[in-house]
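Below is one structure; the comments refer to it alone.
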Amino acid sequence: MDIKVDHVSKAYGKQQVLRDLSCVLPEGKTTCIRGNSGCGKTTLIRLLLGLDVPDKGKIEGISDRKISAVFQEDRLCENLSAASNIRLVCIETITDRELEEAYKAVALTEVWQKPVRELSGGMRRRVSILRALLAESDCVIMDEPLRGLDEKTKAKTIDYILKKTEGKTLIFVTHEEKEAVWLKADRTVDILMKY
Amino acid sequence: MMRSITNDRAKTDNGTKYTGIRILAVFFWIVIWQFASMYLKQEILLASPVSVVRKLFELIFSGNFWKSVGFSFVRIVAGFFLAMLLGIFLAILAYWSKIVEILISPVITVVKSIPVASFIILCLIWIPSRNLSVFISFLMVLPVIYTNILEGIRQTDRKILEMAKVFRVNLRRQIRYIYVSQVLPYFLSACRLSLGMCWKAGVAAEVIGVPSGSIGEKLYNAKIYLNTPDLFAWTIVIIVISFVFEKCFLGIVSRIVYMIEHR
């Protein structure tokens, strides 16, 4: 079932962030959501994740899904190792072999046992990407997942994201044109700011 | 490869760096104490460290010493544990229900504000003096544990909880890997604070209630007979017991948390 965003508006206090947004995010396809900083991309993600409720309009086809996500911040448990942060969300659904392959794919092999507070920003980002990709889900939502990664790692990580989300609904938020091109998205939603 | 979720809490400064300086500081004050006592030349005003140590050894080798230590220890520690368990339970209840928090709030405020001496005298009317220290140490610890645990739960990172919600992490695992980690520093700091308080208040209750065979009774007798070396020796005993218990208890708590998070 496609996800339908139907005339959604959302304000925080007096600040109107989203105004009458409508779009369809097709089932099993990759959708790239683009827009400049502050245009409401993250607000849309929060609405899709069910962390906020729209002031007006509705979102259909999301409530009964198994969702995994990369948030704008890493949202990792600082005391846990990279491996434990991943296992926290998918301990029953992942084998050691899968986990090892995943570390290799995003170049985290050396650091998976370290507490995430000791990892660099880019490494932490990749841990949160792995967490979203390895958790059991049929819809993966990623809010600027490649932020802080160098070009080479970005390319490698995007390949792995596309491989792991094959057949799943992938919603990928970015404000970088290059990432949108690499992603080869089936659909692109541009959020424009209206002043 | 390890399949469990492992937690590697930041290793804090264990204080070993300044051990030498700390020992020297203690030694420095003992020397000052000795000189002050030599200057005054009146043991009744200020017993010298030497006579206090001598008295301490006399006490340790007397049968009554261990009975008194046991008597006070069991009661004060029982009060501490009862308050700890109830404080945690009430904090969780207050976190889930604002009504419970509002209901508990006046009691906690009253307990925090009333001077311990008033409580002791008031409670002597209700409770036999033998068990007064249990109740007084309970009353001193309860507000500290309750307030800190509630604050710790409230300060749990909302963003991590949102992550847990999105990934459908069940409550049991949330408690084990998210809440325990985040509340632990608040709990440890509450324990550090309240362990000292419960010993002070518990012994004060015994000094006022004078239950037979308690440390408080010994302190009371030392006061009555102006036996200053005795008074100093028992005070040192209280400090040592309180210090050792605090270290052991906090060590055990850290070990238990480590086991919970690594099992």
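Lettering and numbering for the structure tokens are positional, with chains as A, B, ... in the shown order, residues counted from 1 in each chain, and ligands counted from 1 in the shown order.
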
Checklist line | Polymer residues at most 12 Å from stretch 233-236 of chain B, only C-alpha atoms, same-chain spacing of 3 or more positions, as number ranges by chain | finding: B: 47-60, 65-66, 68-69, 199-200, 203-204, 214-223, 227-230, 239-243

Note to self: Residues of chain A within 9 Å of chain B, counting only C-alpha atoms - could you list those as a PyMOL selection string?
What the structure shows: chain A and resi 49-51+66-69+71+73+75-81+83-91+95-96+113-115+117+132+135-137

Next item on the list: Taking the DSSP assignment computed from this structure's backbone, write out as a ChimeraX atom specification all residues of chain A that belong to alpha helix (DSSP H).
Entry: /A:41-48,82-90,96-105,121-134,151-164,177-183

Residues as selected, C-alpha atoms, written as an mmCIF file, in the first residue's frame, can you do that?
data_model
loop_
_atom_site.group_PDB
_atom_site.id
_atom_site.type_symbol
_atom_site.label_atom_id
_atom_site.label_comp_id
_atom_site.auth_asym_id
_atom_site.auth_seq_id
_atom_site.Cartn_x
_atom_site.Cartn_y
_atom_site.Cartn_z
ATOM 1 C CA LYS A 41 11.701 17.801 5.646
ATOM 2 C CA THR A 42 12.383 16.634 9.186
ATOM 3 C CA THR A 43 8.872 17.641 10.269
ATOM 4 C CA LEU A 44 7.473 15.467 7.496
ATOM 5 C CA ILE A 45 9.672 12.593 8.696
ATOM 6 C CA ARG A 46 8.414 13.027 12.275
ATOM 7 C CA LEU A 47 4.838 12.894 10.995
ATOM 8 C CA LEU A 48 5.586 9.764 8.956
ATOM 9 C CA ALA A 82 28.115 -0.222 17.909
ATOM 10 C CA ALA A 83 27.136 -3.896 17.781
ATOM 11 C CA SER A 84 24.925 -3.574 20.859
ATOM 12 C CA ASN A 85 23.150 -0.513 19.485
ATOM 13 C CA ILE A 86 22.233 -2.578 16.448
ATOM 14 C CA ARG A 87 21.295 -5.638 18.486
ATOM 15 C CA LEU A 88 19.098 -3.513 20.742
ATOM 16 C CA VAL A 89 16.614 -3.137 17.885
ATOM 17 C CA CYS A 90 17.064 -6.482 16.143
ATOM 18 C CA ASP A 96 26.518 -12.795 13.548
ATOM 19 C CA ARG A 97 27.425 -13.410 9.903
ATOM 20 C CA GLU A 98 24.979 -10.761 8.668
ATOM 21 C CA LEU A 99 26.334 -8.335 11.225
ATOM 22 C CA GLU A 100 29.934 -8.935 10.133
ATOM 23 C CA GLU A 101 29.012 -8.442 6.476
ATOM 24 C CA ALA A 102 27.271 -5.215 7.374
ATOM 25 C CA TYR A 103 30.333 -3.858 9.201
ATOM 26 C CA LYS A 104 32.487 -4.672 6.202
ATOM 27 C CA ALA A 105 30.076 -3.030 3.785
ATOM 28 C CA GLY A 121 30.813 11.497 13.773
ATOM 29 C CA GLY A 122 30.993 9.618 10.485
ATOM 30 C CA MET A 123 31.294 6.233 12.187
ATOM 31 C CA ARG A 124 28.349 6.984 14.462
ATOM 32 C CA ARG A 125 26.338 7.930 11.398
ATOM 33 C CA ARG A 126 27.129 4.619 9.759
ATOM 34 C CA VAL A 127 26.130 2.739 12.917
ATOM 35 C CA SER A 128 22.740 4.451 12.847
ATOM 36 C CA ILE A 129 22.400 3.608 9.132
ATOM 37 C CA LEU A 130 23.203 -0.064 9.823
ATOM 38 C CA ARG A 131 20.707 -0.091 12.683
ATOM 39 C CA ALA A 132 17.955 1.071 10.329
ATOM 40 C CA LEU A 133 18.933 -1.336 7.557
ATOM 41 C CA LEU A 134 19.284 -4.424 9.752
ATOM 42 C CA GLU A 151 32.511 11.186 -0.847
ATOM 43 C CA LYS A 152 34.043 7.709 -1.051
ATOM 44 C CA THR A 153 32.211 6.448 2.032
ATOM 45 C CA LYS A 154 28.983 8.089 0.834
ATOM 46 C CA ALA A 155 29.142 6.141 -2.441
ATOM 47 C CA LYS A 156 29.915 2.881 -0.626
ATOM 48 C CA THR A 157 27.150 3.451 1.909
ATOM 49 C CA ILE A 158 24.559 4.357 -0.735
ATOM 50 C CA ASP A 159 25.330 1.100 -2.578
ATOM 51 C CA TYR A 160 24.746 -0.824 0.634
ATOM 52 C CA ILE A 161 21.537 1.114 1.395
ATOM 53 C CA LEU A 162 20.155 0.329 -2.070
ATOM 54 C CA LYS A 163 21.118 -3.350 -1.715
ATOM 55 C CA LYS A 164 19.493 -3.739 1.712
ATOM 56 C CA GLU A 177 21.553 17.169 -5.403
ATOM 57 C CA LYS A 178 24.422 14.689 -5.811
ATOM 58 C CA GLU A 179 22.980 12.250 -3.267
ATOM 59 C CA ALA A 180 19.620 12.353 -5.037
ATOM 60 C CA VAL A 181 21.332 11.446 -8.330
ATOM 61 C CA TRP A 182 23.316 8.591 -6.748
ATOM 62 C CA LEU A 183 20.150 7.220 -5.211
#

Next item on the list: Determine which residues of stretch 5-189 of chain A DSSP labels as strand (DSSP E or B) from the backbone of this structure, then write them out as a PyMOL selection string.
Entry: chain A and resi 5-12+15-25+30-34+56-60+67-70+80-81+115+139-143+169-174+187-189

Item checked: Contacts of stretch 52-59 of chain A at 12 Å (only C-alpha atoms; same-chain gap of 3+ positions) as a PyMOL selection string -> (chain A and resi 2-13+16-25+42-49+62-64) or (chain B and resi 162+166)

Convert the current residue selection to file output with C-alpha atoms, as a PDB file, in the first residue's frame.
ATOM      1  CA  ASP A   2       1.331   3.418  -0.958  1.00  0.00           C
ATOM      2  CA  ILE A   3       1.818   6.038   1.724  1.00  0.00           C
ATOM      3  CA  LYS A   4      -0.422   9.017   1.031  1.00  0.00           C
ATOM      4  CA  VAL A   5       0.296  12.413   2.514  1.00  0.00           C
ATOM      5  CA  ASP A   6      -2.958  14.292   2.089  1.00  0.00           C
ATOM      6  CA  HIS A   7      -3.062  18.100   2.486  1.00  0.00           C
ATOM      7  CA  VAL A   8      -0.910  17.988   5.615  1.00  0.00           C
ATOM      8  CA  SER A   9      -0.107  21.136   7.588  1.00  0.00           C
ATOM      9  CA  LYS A  10       1.991  21.400  10.712  1.00  0.00           C
ATOM     10  CA  ALA A  11       3.028  24.343  12.850  1.00  0.00           C
ATOM     11  CA  TYR A  12       5.155  24.558  15.982  1.00  0.00           C
ATOM     12  CA  GLY A  13       3.799  27.485  17.963  1.00  0.00           C
ATOM     13  CA  GLN A  16       4.129  27.222  10.160  1.00  0.00           C
ATOM     14  CA  VAL A  17       6.509  24.484   9.003  1.00  0.00           C
ATOM     15  CA  LEU A  18       4.408  22.500   6.537  1.00  0.00           C
ATOM     16  CA  ARG A  19       1.486  23.984   4.662  1.00  0.00           C
ATOM     17  CA  ASP A  20      -0.973  21.845   2.707  1.00  0.00           C
ATOM     18  CA  LEU A  21       1.569  19.233   1.611  1.00  0.00           C
ATOM     19  CA  SER A  22       0.324  16.355  -0.515  1.00  0.00           C
ATOM     20  CA  CYS A  23       2.355  13.555  -2.047  1.00  0.00           C
ATOM     21  CA  VAL A  24       2.365   9.807  -2.609  1.00  0.00           C
ATOM     22  CA  LEU A  25       5.269   7.646  -1.492  1.00  0.00           C
ATOM     23  CA  THR A  42      12.383  16.634   9.186  1.00  0.00           C
ATOM     24  CA  THR A  43       8.872  17.641  10.269  1.00  0.00           C
ATOM     25  CA  LEU A  44       7.473  15.467   7.496  1.00  0.00           C
ATOM     26  CA  ILE A  45       9.672  12.593   8.696  1.00  0.00           C
ATOM     27  CA  ARG A  46       8.414  13.027  12.275  1.00  0.00           C
ATOM     28  CA  LEU A  47       4.838  12.894  10.995  1.00  0.00           C
ATOM     29  CA  LEU A  48       5.586   9.764   8.956  1.00  0.00           C
ATOM     30  CA  LEU A  49       7.206   8.122  11.986  1.00  0.00           C
ATOM     31  CA  ILE A  62       1.832   4.177   7.495  1.00  0.00           C
ATOM     32  CA  SER A  63       0.229   3.194  10.794  1.00  0.00           C
ATOM     33  CA  ASP A  64       0.410  -0.595  10.471  1.00  0.00           C
TER      34      ASP A  64
ATOM     35  CA  GLU B 162      11.513   8.100  20.405  1.00  0.00           C
ATOM     36  CA  VAL B 166       9.989   3.768  16.224  1.00  0.00           C
TER      37      VAL B 166
END

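Picture a line from atom CA of B:Glu206 to atom CA of B:Ile108; it runs 23.4 Å.
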
Check: From the set A:Cys39, A:Val111, A:Val70, A:Ile33, which residue has the shortest atom-to-atom contact distance to A:Leu146, counting only C-alpha atoms?
Finding: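 Looking at the shortest contact to A:Leu146, the residue is A:Val70.
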
Item checked: Polymer residues at most 9 Å from B:Phe80, only C-alpha atoms, same-chain spacing of 6 or more positions, as a PyMOL selection string -> chain B and resi 134+137-142+194-195+198

Next item on the list: With a distance cut-off of 8 Å and only C-alpha atoms, select the neighbouring residues of A:Ile171, excluding the residue or stretch itself and same-chain residues fewer than 2 positions from it, and output the selection as number ranges by chain.
Entry: A: 25, 30-33, 139-142, 169, 173
